[in-house]
Amino acid sequence: MKRLNFLAVVPLAASLSQPAIAQEEETDLGTVVVSGGLTPIESSALGRASTVITADEIENSGQRSVADVLRRVPGLSVSRTGAFGGLTQVRIRGNEGNATKVFIDGIDASTPSQGEFDFSSLLTADIERIEVLRGPQSSIYGSNAQGGVISIITKRATEPGVSGSVGLEVGGEESIYARAAGRFAGPRGDISLSFARFETEGFDVSGTNNSSSAFRDGSENTTLSVNGRYFLTDSVTLGGVLRYTDRSVDNDSDVFGAPTIDELVADANERSDRTSLYGLAFAEIETFEGRLLHRFDVGYVDEESESFSDGAQTFGNESARTRFTYTGTVALDATRVANANHTLSFSYQWQKETFQQTNGDGLFSPPPPSFFEEQERTQNSYVLEYRGSFADVFDVQASVRHDDNEEFKDFTSYALGASYAFTQTGTRLRASVGTGSVNPTFSEQFGFFNNFVGNPDLEPEESFAWDIGVEQSFLNGNGLIGITYFQEDVDNEIRNTGTTSINLDGTSHRNGIEVFGRYSFSNAFDASLAYTYLDATEEVPTQAGGSRDVVEVRRPEHQLSLVGTYRLPNDRTTITAEVEYVSGLFDLDFRTASFLPGGQFDDDFDRVELDDYFLVNLAVRHELNEQVTLTGGVTNLTDDNYQELAGYATQGRTFYVGLTASF
């Protein structure tokens with residue numbers, strides 16, 4: 001196992017992936033996947049399928065939303081309800097959106113009420129890297145990591161002194177994207193601050209009044225963050241992260257039972273507001289001269305959501321999560337963890353989540369008093385992980401986790417991953433197997449809607465999955481190509497019946513193939529490829545009392561991404577072109593919606609296949625001098641008219657231009 005400075009790259013606190021200022025000398029590790037387990041690991045040793053997107057790739061893409069950058073990752077599918085700022089879900093390997101665990105600088109950023117992260121709130125400003133782990137990660141991260149993990153790591157100071165950047169971009173649909181960041185590093189620590197503001201008038205997501213500004217569905221997003229570390233002694237580090245997001249988005253309304261697909265969304269004067277506060281404080285302690293390392297985390301998430309119709313509030317709720325985590329790592333074959341080929345890590349986690357409705361005026365009838373009662377649930381978790389490296393060619397990771405749930409069935413998950421490198425040929429084989437879980441949401445467990453009764457007997461969803469892959473480097477390491485086959489079975493899948501939630505009796509099946517490749521020719525041209533074939537089905541009950549297999553919606557059968565970046569001979573201009581192709585994409589056919597007694601929808605909808613589509617994006621960066629860069633580009637260059645969700649229009653051809661200055 002290549003040498004790691006544990007205090008420089010810390011599990012579940014990805015913001016610490018940069019080398020510590022004025023600490024011991026580092027070894028070049030290549031790509032380290034911080035989110036790979038309880039201890040950081042180099043990607044070439046990881047048995048699980050993973051992808052890392054760098055800051056350069058993010059900046060060259062010209063994208064404002066992290067979700068749009070993630071479209072180039074194999075195994076991931078993205079769906080957005082129309083305009084920028086609308087609900088944005090990322091699914092991994094055919095799992096639902098709430099089976100994707102998201103961390104921002106080590107903080108579990110999922111909404112406590114739904115166990116899912118809405119990517120519409122996540123801008124690309126000040127991001128250093130994005131790490132994606134595919135396949136069940138519940139043995140490390142617990143429930144809702146059944147599909148995988150996405151870890152967002154923001155920038156921090158890498159050199160002593162003061163540094164930072166400012167940027168401003170304007171574009172079509174009257175969009176403005178402003179950002180600023182400042183960083184300071186000294187001999188005893190560092191601190192980083194960032195600000196980002198994006199606002200747009202948007203377009204009409206119903207697709208019926210795109211030419212009229214009065215019907216546009218706009219959005220606003222303001223994000224502030226700060227993170228820092230202080231090296232109290234050579235063996236004790238203290239630090240923390242604080243992040244705040246305030247966003248607002250205009251919405252149109254769904255029309256269930258509309259006669260055509262294009263009429264499923266109608267113009268409406270609706271708006272959703274959400275504020276999110278994330279916090280994390282940590283302490284790292286090195287004992288026994290580095291043979292035993294300790295980390296203590298205290299994390300907090302608070303989210304408030306409000307919905308409005310014609311200016312009057314219709315719904316509101318607040319949810320929160322408090323979490324304490326202790327992780328210890330011991331070197332089994334060396335005097336320091338940093339030098340060990342074999343380590344054993346153990347972790348304990350206590351978590352409490354709360355949820356409360358604050359407004360129910362939008363319901364068909366006045367809600368009962370119980371509607372506004374605060375609900376809470378707690379969990380205690382225990383994790384054990386072994387990490388081993390043999391002769392620098394064979395690596396093994398094994399982990400097990402037990403979740404002791406107060407309100408529903410306990411769950412034990414496990415995972416095993418292995419990687420073997422044939423150094424003479426540049427070939428690497430890897431494989432993993434594991435189990436995952438998804439906990440019931442608060443609404444599924446407790447209710448909260450008219451004639452919708454919570455089910456306290458719900459059990460977590462359970463999955464068993466495995467994958468096997470091979471990677472091959474070529475042209476002296478300038479190129480790499482890989483292919484992975486994966487298979488997953490999900491039991492106890494939770495489904496809304498219209499009046500309550502149940503665990504389905506059948507098994508949902510997901511299998512597919514992921515292909516990725518990248519090639520670098522000198523310093524002039526880089527290219528990457530990502531392709532996913534997915535076969536995902538679920539077994540659902542019918543009104544006749546039986547069941548049927550249906551295709552899972554909003555995850556395409558075929559998805560292809562091609563990205564090419566060319567640097568002109570002047571070494572100051574970079575052009576990036578990105579092509580995305582999607583086919584075999586299904587959605588629920590809400591034209592077939594019907595009503596059950598009591599006014600609830602019958603969710604046994606048919607499926608409708610949406611049209612295939614091509615997207616072409618173009619981005620340009622030109623360095624005016626060492627400090628100032630001119631940016632510009634166009635999204636949806638061919639002005640393709642397509643849908644990701646039935647009835648929701650998408651953005652047409654849009655231009656933008658901006659300036660960025662660094663110091």
# chains A, B, ... in the order shown; residues from 1 in each chain; ligands from 1
>>> closest_atom_pairs(of="stretch 229-330 of chain A", to="stretch 101-105 of chain A", cutoff="12 Å", atoms="only C-alpha atoms", output="Markdown table")
| residue | atom | partner | partner_atom | distance |
| --- | --- | --- | --- | --- |
| A:Gly239 | CA | A:Asp105 | CA | 11.7 |
| A:Gly240 | CA | A:Asp105 | CA | 9.5 |
| A:Val241 | CA | A:Asp105 | CA | 7.2 |
| A:Leu242 | CA | A:Asp105 | CA | 9.3 |
| A:Arg243 | CA | A:Ile104 | CA | 8.9 |
| A:Tyr244 | CA | A:Ile104 | CA | 11.5 |
| A:Leu277 | CA | A:Ile104 | CA | 11.7 |
| A:Tyr278 | CA | A:Ile104 | CA | 8.9 |
| A:Gly279 | CA | A:Asp105 | CA | 9.7 |
| A:Leu280 | CA | A:Asp105 | CA | 8.8 |
| A:Ala281 | CA | A:Asp105 | CA | 11.2 |
| A:Phe282 | CA | A:Asp105 | CA | 11.8 |
| A:Gly299 | CA | A:Asp105 | CA | 11.2 |
| A:Val301 | CA | A:Ile104 | CA | 11.4 |
>>> select_by_dssp(residues="stretch 119-177 of chain A", states="strand (DSSP E or B)", output="PyMOL selection string")
chain A and resi 123+127-134+148-154+161-171+175-177
>>> closest_residue(among="A:Glu263, A:Asp489, A:Asn478, A:Ser501", to="A:Asn523", atoms="only C-alpha atoms")
A:Asn478
>>> closest_residue(among="A:Arg387, A:Arg653, A:Arg591, A:Arg64", to="A:Val265", atoms="only C-alpha atoms")
A:Arg591
>>> closest_residue(among="A:Ser419, A:Glu318, A:Asn359, A:Ala340", to="A:Glu374", atoms="only C-alpha atoms")
A:Glu318
>>> closest_residue(among="A:Ser365, A:Ser381, A:Ser389, A:Thr654", to="A:Leu46", atoms="only C-alpha atoms")
A:Ser389
>>> closest_atom_pairs(of="stretch 24-71 of chain A", to="stretch 121-131 of chain A", cutoff="7 Å", atoms="only C-alpha atoms", output="CSV")
residue,atom,partner,partner_atom,distance
A:Val33,CA,A:Glu131,CA,6.7
A:Thr51,CA,A:Glu131,CA,5.9
A:Val52,CA,A:Glu131,CA,4.6
A:Ile53,CA,A:Ile130,CA,5.0
A:Thr54,CA,A:Arg129,CA,4.6
A:Ala55,CA,A:Glu128,CA,4.7
A:Arg64,CA,A:Thr124,CA,5.4
A:Ser65,CA,A:Leu123,CA,4.7
A:Val66,CA,A:Thr124,CA,5.3
>>> write_last_selection(atoms="N, CA and C atoms", output="mmCIF file, in the first residue's frame")
data_model
loop_
_atom_site.group_PDB
_atom_site.id
_atom_site.type_symbol
_atom_site.label_atom_id
_atom_site.label_comp_id
_atom_site.auth_asym_id
_atom_site.auth_seq_id
_atom_site.Cartn_x
_atom_site.Cartn_y
_atom_site.Cartn_z
ATOM 1 N N VAL A 33 -8.929 8.285 -3.801
ATOM 2 C CA VAL A 33 -10.363 8.328 -3.602
ATOM 3 C C VAL A 33 -10.616 8.420 -2.105
ATOM 4 N N THR A 51 -15.021 6.948 -10.206
ATOM 5 C CA THR A 51 -14.666 7.992 -11.168
ATOM 6 C C THR A 51 -14.313 9.256 -10.396
ATOM 7 N N VAL A 52 -13.281 9.948 -10.824
ATOM 8 C CA VAL A 52 -12.889 11.222 -10.229
ATOM 9 C C VAL A 52 -12.914 12.293 -11.316
ATOM 10 N N ILE A 53 -13.629 13.389 -11.042
ATOM 11 C CA ILE A 53 -13.684 14.539 -11.950
ATOM 12 C C ILE A 53 -12.883 15.660 -11.313
ATOM 13 N N THR A 54 -11.907 16.191 -12.018
ATOM 14 C CA THR A 54 -10.986 17.182 -11.467
ATOM 15 C C THR A 54 -11.521 18.605 -11.662
ATOM 16 N N ALA A 55 -10.870 19.551 -10.962
ATOM 17 C CA ALA A 55 -11.246 20.957 -11.083
ATOM 18 C C ALA A 55 -11.078 21.455 -12.509
ATOM 19 N N ARG A 64 -22.647 25.138 -15.018
ATOM 20 C CA ARG A 64 -22.940 25.822 -13.761
ATOM 21 C C ARG A 64 -23.414 24.848 -12.694
ATOM 22 N N SER A 65 -24.020 23.737 -13.111
ATOM 23 C CA SER A 65 -24.601 22.761 -12.190
ATOM 24 C C SER A 65 -23.740 21.508 -12.123
ATOM 25 N N VAL A 66 -23.488 21.018 -10.906
ATOM 26 C CA VAL A 66 -22.738 19.777 -10.734
ATOM 27 C C VAL A 66 -23.459 18.616 -11.413
#
>>> residues_around(residues="A:Arg71", least_positions_apart="4", cutoff="10 Å", atoms="only C-alpha atoms", output="number ranges by chain")
A: 66-67, 75-79, 90, 530, 559-561, 580
>>> residues_around(residues="stretch 562-573 of chain A", least_positions_apart="6", cutoff="12 Å", atoms="only C-alpha atoms", output="ChimeraX atom specification")
/A:56-62,69,71-74,515-531,579-581,614-632
>>> residues_around(residues="A:Tyr386", least_positions_apart="5", cutoff="7 Å", atoms="only C-alpha atoms", output="NGL selection string")
:A and (343-345 or 397-399)
>>> write_last_selection(atoms="C-alpha atoms", output="PDB file, in the first residue's frame")
ATOM      1  CA  THR A 343      -4.951  -1.549   8.608  1.00  0.00           C
ATOM      2  CA  LEU A 344      -8.022  -2.151  10.702  1.00  0.00           C
ATOM      3  CA  SER A 345     -10.576   0.634  11.172  1.00  0.00           C
ATOM      4  CA  GLN A 397     -11.029  -4.056   1.191  1.00  0.00           C
ATOM      5  CA  ALA A 398     -13.604  -5.702   3.472  1.00  0.00           C
ATOM      6  CA  SER A 399     -16.197  -3.986   5.658  1.00  0.00           C
TER       7      SER A 399
END
>>> residues_around(residues="A:Phe198", least_positions_apart="5", cutoff="9 Å", atoms="only C-alpha atoms", output="MDAnalysis selection string")
chainID A and resid 64 123 175:179 219:223
>>> atom_distance(atom1="atom CA of A:Thr329", atom2="atom CA of A:Phe296")
12.1 Å
>>> atom_distance(atom1="atom CA of A:Pro160", atom2="atom CA of A:Ala185")
4.7 Å
>>> residues_around(residues="A:Glu376", least_positions_apart="3", cutoff="10 Å", atoms="only C-alpha atoms", output="MDAnalysis selection string")
chainID A and resid 319:321 352:356 373 406:407 442
>>> closest_residue(among="A:Glu199, A:Glu116, A:Glu174, A:Asp589", to="A:Gly97", atoms="only C-alpha atoms")
A:Glu116
>>> closest_residue(among="A:Val383, A:Leu133, A:Ile261, A:Val298", to="A:Gly328", atoms="only C-alpha atoms")
A:Val383
>>> decode(residues="stretch 253-302 of chain A", atoms="N, CA and C atoms", output="PDB file, in the first residue's frame")
ATOM      1  N   SER A 253     -47.558  23.473 -12.755  1.00  0.00           N
ATOM      2  CA  SER A 253     -48.282  22.405 -12.061  1.00  0.00           C
ATOM      3  C   SER A 253     -48.486  21.192 -12.965  1.00  0.00           C
ATOM      4  N   ASP A 254     -48.521  20.014 -12.352  1.00  0.00           N
ATOM      5  CA  ASP A 254     -48.799  18.768 -13.061  1.00  0.00           C
ATOM      6  C   ASP A 254     -50.299  18.628 -13.306  1.00  0.00           C
ATOM      7  N   VAL A 255     -50.629  18.073 -14.449  1.00  0.00           N
ATOM      8  CA  VAL A 255     -52.034  17.832 -14.805  1.00  0.00           C
ATOM      9  C   VAL A 255     -52.204  16.336 -15.030  1.00  0.00           C
ATOM     10  N   PHE A 256     -52.574  15.614 -13.990  1.00  0.00           N
ATOM     11  CA  PHE A 256     -52.741  14.176 -14.111  1.00  0.00           C
ATOM     12  C   PHE A 256     -53.971  13.870 -14.972  1.00  0.00           C
ATOM     13  N   GLY A 257     -53.826  12.910 -15.863  1.00  0.00           N
ATOM     14  CA  GLY A 257     -54.924  12.532 -16.739  1.00  0.00           C
ATOM     15  C   GLY A 257     -55.086  13.416 -17.947  1.00  0.00           C
ATOM     16  N   ALA A 258     -54.092  14.284 -18.250  1.00  0.00           N
ATOM     17  CA  ALA A 258     -54.165  15.150 -19.430  1.00  0.00           C
ATOM     18  C   ALA A 258     -54.223  14.288 -20.693  1.00  0.00           C
ATOM     19  N   PRO A 259     -54.849  14.795 -21.752  1.00  0.00           N
ATOM     20  CA  PRO A 259     -55.023  13.971 -22.955  1.00  0.00           C
ATOM     21  C   PRO A 259     -53.744  13.719 -23.740  1.00  0.00           C
ATOM     22  N   THR A 260     -52.752  14.612 -23.644  1.00  0.00           N
ATOM     23  CA  THR A 260     -51.505  14.437 -24.385  1.00  0.00           C
ATOM     24  C   THR A 260     -50.314  14.652 -23.460  1.00  0.00           C
ATOM     25  N   ILE A 261     -49.158  14.173 -23.896  1.00  0.00           N
ATOM     26  CA  ILE A 261     -47.930  14.340 -23.121  1.00  0.00           C
ATOM     27  C   ILE A 261     -47.619  15.815 -22.927  1.00  0.00           C
ATOM     28  N   ASP A 262     -47.777  16.615 -23.983  1.00  0.00           N
ATOM     29  CA  ASP A 262     -47.420  18.028 -23.906  1.00  0.00           C
ATOM     30  C   ASP A 262     -48.324  18.813 -22.968  1.00  0.00           C
ATOM     31  N   GLU A 263     -49.473  18.251 -22.570  1.00  0.00           N
ATOM     32  CA  GLU A 263     -50.394  18.951 -21.685  1.00  0.00           C
ATOM     33  C   GLU A 263     -50.303  18.475 -20.233  1.00  0.00           C
ATOM     34  N   LEU A 264     -49.308  17.631 -19.929  1.00  0.00           N
ATOM     35  CA  LEU A 264     -49.161  17.126 -18.569  1.00  0.00           C
ATOM     36  C   LEU A 264     -48.656  18.181 -17.596  1.00  0.00           C
ATOM     37  N   VAL A 265     -48.083  19.272 -18.108  1.00  0.00           N
ATOM     38  CA  VAL A 265     -47.604  20.371 -17.273  1.00  0.00           C
ATOM     39  C   VAL A 265     -48.273  21.649 -17.764  1.00  0.00           C
ATOM     40  N   ALA A 266     -48.886  22.381 -16.838  1.00  0.00           N
ATOM     41  CA  ALA A 266     -49.618  23.601 -17.194  1.00  0.00           C
ATOM     42  C   ALA A 266     -49.023  24.794 -16.469  1.00  0.00           C
ATOM     43  N   ASP A 267     -49.137  25.973 -17.080  1.00  0.00           N
ATOM     44  CA  ASP A 267     -48.631  27.200 -16.469  1.00  0.00           C
ATOM     45  C   ASP A 267     -49.314  27.449 -15.132  1.00  0.00           C
ATOM     46  N   ALA A 268     -48.528  27.844 -14.141  1.00  0.00           N
ATOM     47  CA  ALA A 268     -49.062  28.148 -12.814  1.00  0.00           C
ATOM     48  C   ALA A 268     -48.117  29.111 -12.116  1.00  0.00           C
ATOM     49  N   ASN A 269     -48.665  29.897 -11.230  1.00  0.00           N
ATOM     50  CA  ASN A 269     -47.869  30.854 -10.455  1.00  0.00           C
ATOM     51  C   ASN A 269     -47.485  30.198  -9.124  1.00  0.00           C
ATOM     52  N   GLU A 270     -46.545  29.268  -9.200  1.00  0.00           N
ATOM     53  CA  GLU A 270     -46.113  28.527  -8.024  1.00  0.00           C
ATOM     54  C   GLU A 270     -44.621  28.728  -7.801  1.00  0.00           C
ATOM     55  N   ARG A 271     -44.206  28.633  -6.553  1.00  0.00           N
ATOM     56  CA  ARG A 271     -42.799  28.843  -6.203  1.00  0.00           C
ATOM     57  C   ARG A 271     -42.428  27.969  -5.017  1.00  0.00           C
ATOM     58  N   SER A 272     -41.189  27.501  -5.013  1.00  0.00           N
ATOM     59  CA  SER A 272     -40.650  26.729  -3.890  1.00  0.00           C
ATOM     60  C   SER A 272     -39.395  27.416  -3.377  1.00  0.00           C
ATOM     61  N   ASP A 273     -39.314  27.583  -2.066  1.00  0.00           N
ATOM     62  CA  ASP A 273     -38.133  28.156  -1.416  1.00  0.00           C
ATOM     63  C   ASP A 273     -37.518  27.118  -0.486  1.00  0.00           C
ATOM     64  N   ARG A 274     -36.200  27.118  -0.413  1.00  0.00           N
ATOM     65  CA  ARG A 274     -35.530  26.185   0.499  1.00  0.00           C
ATOM     66  C   ARG A 274     -34.241  26.807   1.005  1.00  0.00           C
ATOM     67  N   THR A 275     -34.008  26.695   2.284  1.00  0.00           N
ATOM     68  CA  THR A 275     -32.722  27.068   2.876  1.00  0.00           C
ATOM     69  C   THR A 275     -32.103  25.828   3.507  1.00  0.00           C
ATOM     70  N   SER A 276     -30.788  25.698   3.350  1.00  0.00           N
ATOM     71  CA  SER A 276     -30.065  24.543   3.882  1.00  0.00           C
ATOM     72  C   SER A 276     -28.834  25.026   4.623  1.00  0.00           C
ATOM     73  N   LEU A 277     -28.649  24.526   5.822  1.00  0.00           N
ATOM     74  CA  LEU A 277     -27.479  24.842   6.629  1.00  0.00           C
ATOM     75  C   LEU A 277     -26.765  23.543   6.972  1.00  0.00           C
ATOM     76  N   TYR A 278     -25.486  23.455   6.616  1.00  0.00           N
ATOM     77  CA  TYR A 278     -24.674  22.269   6.882  1.00  0.00           C
ATOM     78  C   TYR A 278     -23.494  22.674   7.762  1.00  0.00           C
ATOM     79  N   GLY A 279     -23.200  21.863   8.763  1.00  0.00           N
ATOM     80  CA  GLY A 279     -22.061  22.144   9.626  1.00  0.00           C
ATOM     81  C   GLY A 279     -21.334  20.879  10.030  1.00  0.00           C
ATOM     82  N   LEU A 280     -20.027  20.986  10.207  1.00  0.00           N
ATOM     83  CA  LEU A 280     -19.211  19.851  10.648  1.00  0.00           C
ATOM     84  C   LEU A 280     -18.031  20.385  11.444  1.00  0.00           C
ATOM     85  N   ALA A 281     -17.808  19.807  12.622  1.00  0.00           N
ATOM     86  CA  ALA A 281     -16.611  20.093  13.422  1.00  0.00           C
ATOM     87  C   ALA A 281     -15.887  18.779  13.661  1.00  0.00           C
ATOM     88  N   PHE A 282     -14.550  18.799  13.606  1.00  0.00           N
ATOM     89  CA  PHE A 282     -13.816  17.550  13.758  1.00  0.00           C
ATOM     90  C   PHE A 282     -12.534  17.762  14.553  1.00  0.00           C
ATOM     91  N   ALA A 283     -12.057  16.666  15.101  1.00  0.00           N
ATOM     92  CA  ALA A 283     -10.749  16.620  15.762  1.00  0.00           C
ATOM     93  C   ALA A 283     -10.057  15.329  15.345  1.00  0.00           C
ATOM     94  N   GLU A 284      -8.778  15.430  14.989  1.00  0.00           N
ATOM     95  CA  GLU A 284      -7.961  14.267  14.628  1.00  0.00           C
ATOM     96  C   GLU A 284      -6.799  14.166  15.611  1.00  0.00           C
ATOM     97  N   ILE A 285      -6.592  12.979  16.122  1.00  0.00           N
ATOM     98  CA  ILE A 285      -5.551  12.775  17.135  1.00  0.00           C
ATOM     99  C   ILE A 285      -4.720  11.558  16.749  1.00  0.00           C
ATOM    100  N   GLU A 286      -3.427  11.748  16.758  1.00  0.00           N
ATOM    101  CA  GLU A 286      -2.487  10.674  16.461  1.00  0.00           C
ATOM    102  C   GLU A 286      -1.861  10.198  17.768  1.00  0.00           C
ATOM    103  N   THR A 287      -1.986   8.890  18.066  1.00  0.00           N
ATOM    104  CA  THR A 287      -1.440   8.331  19.297  1.00  0.00           C
ATOM    105  C   THR A 287      -0.493   7.171  18.983  1.00  0.00           C
ATOM    106  N   PHE A 288       0.262   6.783  20.003  1.00  0.00           N
ATOM    107  CA  PHE A 288       1.250   5.711  19.864  1.00  0.00           C
ATOM    108  C   PHE A 288       2.159   5.973  18.661  1.00  0.00           C
ATOM    109  N   GLU A 289       2.588   7.237  18.548  1.00  0.00           N
ATOM    110  CA  GLU A 289       3.531   7.676  17.517  1.00  0.00           C
ATOM    111  C   GLU A 289       3.022   7.362  16.108  1.00  0.00           C
ATOM    112  N   GLY A 290       1.715   7.448  15.928  1.00  0.00           N
ATOM    113  CA  GLY A 290       1.134   7.277  14.605  1.00  0.00           C
ATOM    114  C   GLY A 290       0.600   5.904  14.315  1.00  0.00           C
ATOM    115  N   ARG A 291       0.704   4.982  15.267  1.00  0.00           N
ATOM    116  CA  ARG A 291       0.178   3.638  15.007  1.00  0.00           C
ATOM    117  C   ARG A 291      -1.335   3.577  15.172  1.00  0.00           C
ATOM    118  N   LEU A 292      -1.900   4.451  15.992  1.00  0.00           N
ATOM    119  CA  LEU A 292      -3.339   4.492  16.199  1.00  0.00           C
ATOM    120  C   LEU A 292      -3.822   5.920  15.979  1.00  0.00           C
ATOM    121  N   LEU A 293      -4.748   6.081  15.052  1.00  0.00           N
ATOM    122  CA  LEU A 293      -5.292   7.384  14.711  1.00  0.00           C
ATOM    123  C   LEU A 293      -6.765   7.454  15.092  1.00  0.00           C
ATOM    124  N   HIS A 294      -7.175   8.617  15.584  1.00  0.00           N
ATOM    125  CA  HIS A 294      -8.556   8.827  16.013  1.00  0.00           C
ATOM    126  C   HIS A 294      -9.127  10.026  15.272  1.00  0.00           C
ATOM    127  N   ARG A 295     -10.424   9.938  14.968  1.00  0.00           N
ATOM    128  CA  ARG A 295     -11.125  11.085  14.393  1.00  0.00           C
ATOM    129  C   ARG A 295     -12.509  11.184  15.035  1.00  0.00           C
ATOM    130  N   PHE A 296     -12.853  12.391  15.484  1.00  0.00           N
ATOM    131  CA  PHE A 296     -14.154  12.676  16.079  1.00  0.00           C
ATOM    132  C   PHE A 296     -14.861  13.701  15.194  1.00  0.00           C
ATOM    133  N   ASP A 297     -16.099  13.406  14.790  1.00  0.00           N
ATOM    134  CA  ASP A 297     -16.893  14.307  13.957  1.00  0.00           C
ATOM    135  C   ASP A 297     -18.214  14.614  14.648  1.00  0.00           C
ATOM    136  N   VAL A 298     -18.634  15.863  14.558  1.00  0.00           N
ATOM    137  CA  VAL A 298     -19.987  16.256  14.936  1.00  0.00           C
ATOM    138  C   VAL A 298     -20.568  17.015  13.755  1.00  0.00           C
ATOM    139  N   GLY A 299     -21.644  16.472  13.166  1.00  0.00           N
ATOM    140  CA  GLY A 299     -22.246  17.080  11.993  1.00  0.00           C
ATOM    141  C   GLY A 299     -23.682  17.488  12.237  1.00  0.00           C
ATOM    142  N   TYR A 300     -24.119  18.516  11.509  1.00  0.00           N
ATOM    143  CA  TYR A 300     -25.487  19.003  11.674  1.00  0.00           C
ATOM    144  C   TYR A 300     -26.005  19.489  10.323  1.00  0.00           C
ATOM    145  N   VAL A 301     -27.268  19.143  10.018  1.00  0.00           N
ATOM    146  CA  VAL A 301     -27.938  19.592   8.807  1.00  0.00           C
ATOM    147  C   VAL A 301     -29.324  20.090   9.190  1.00  0.00           C
ATOM    148  N   ASP A 302     -29.703  21.259   8.689  1.00  0.00           N
ATOM    149  CA  ASP A 302     -31.043  21.796   8.925  1.00  0.00           C
ATOM    150  C   ASP A 302     -31.580  22.328   7.606  1.00  0.00           C
TER     151      ASP A 302
END
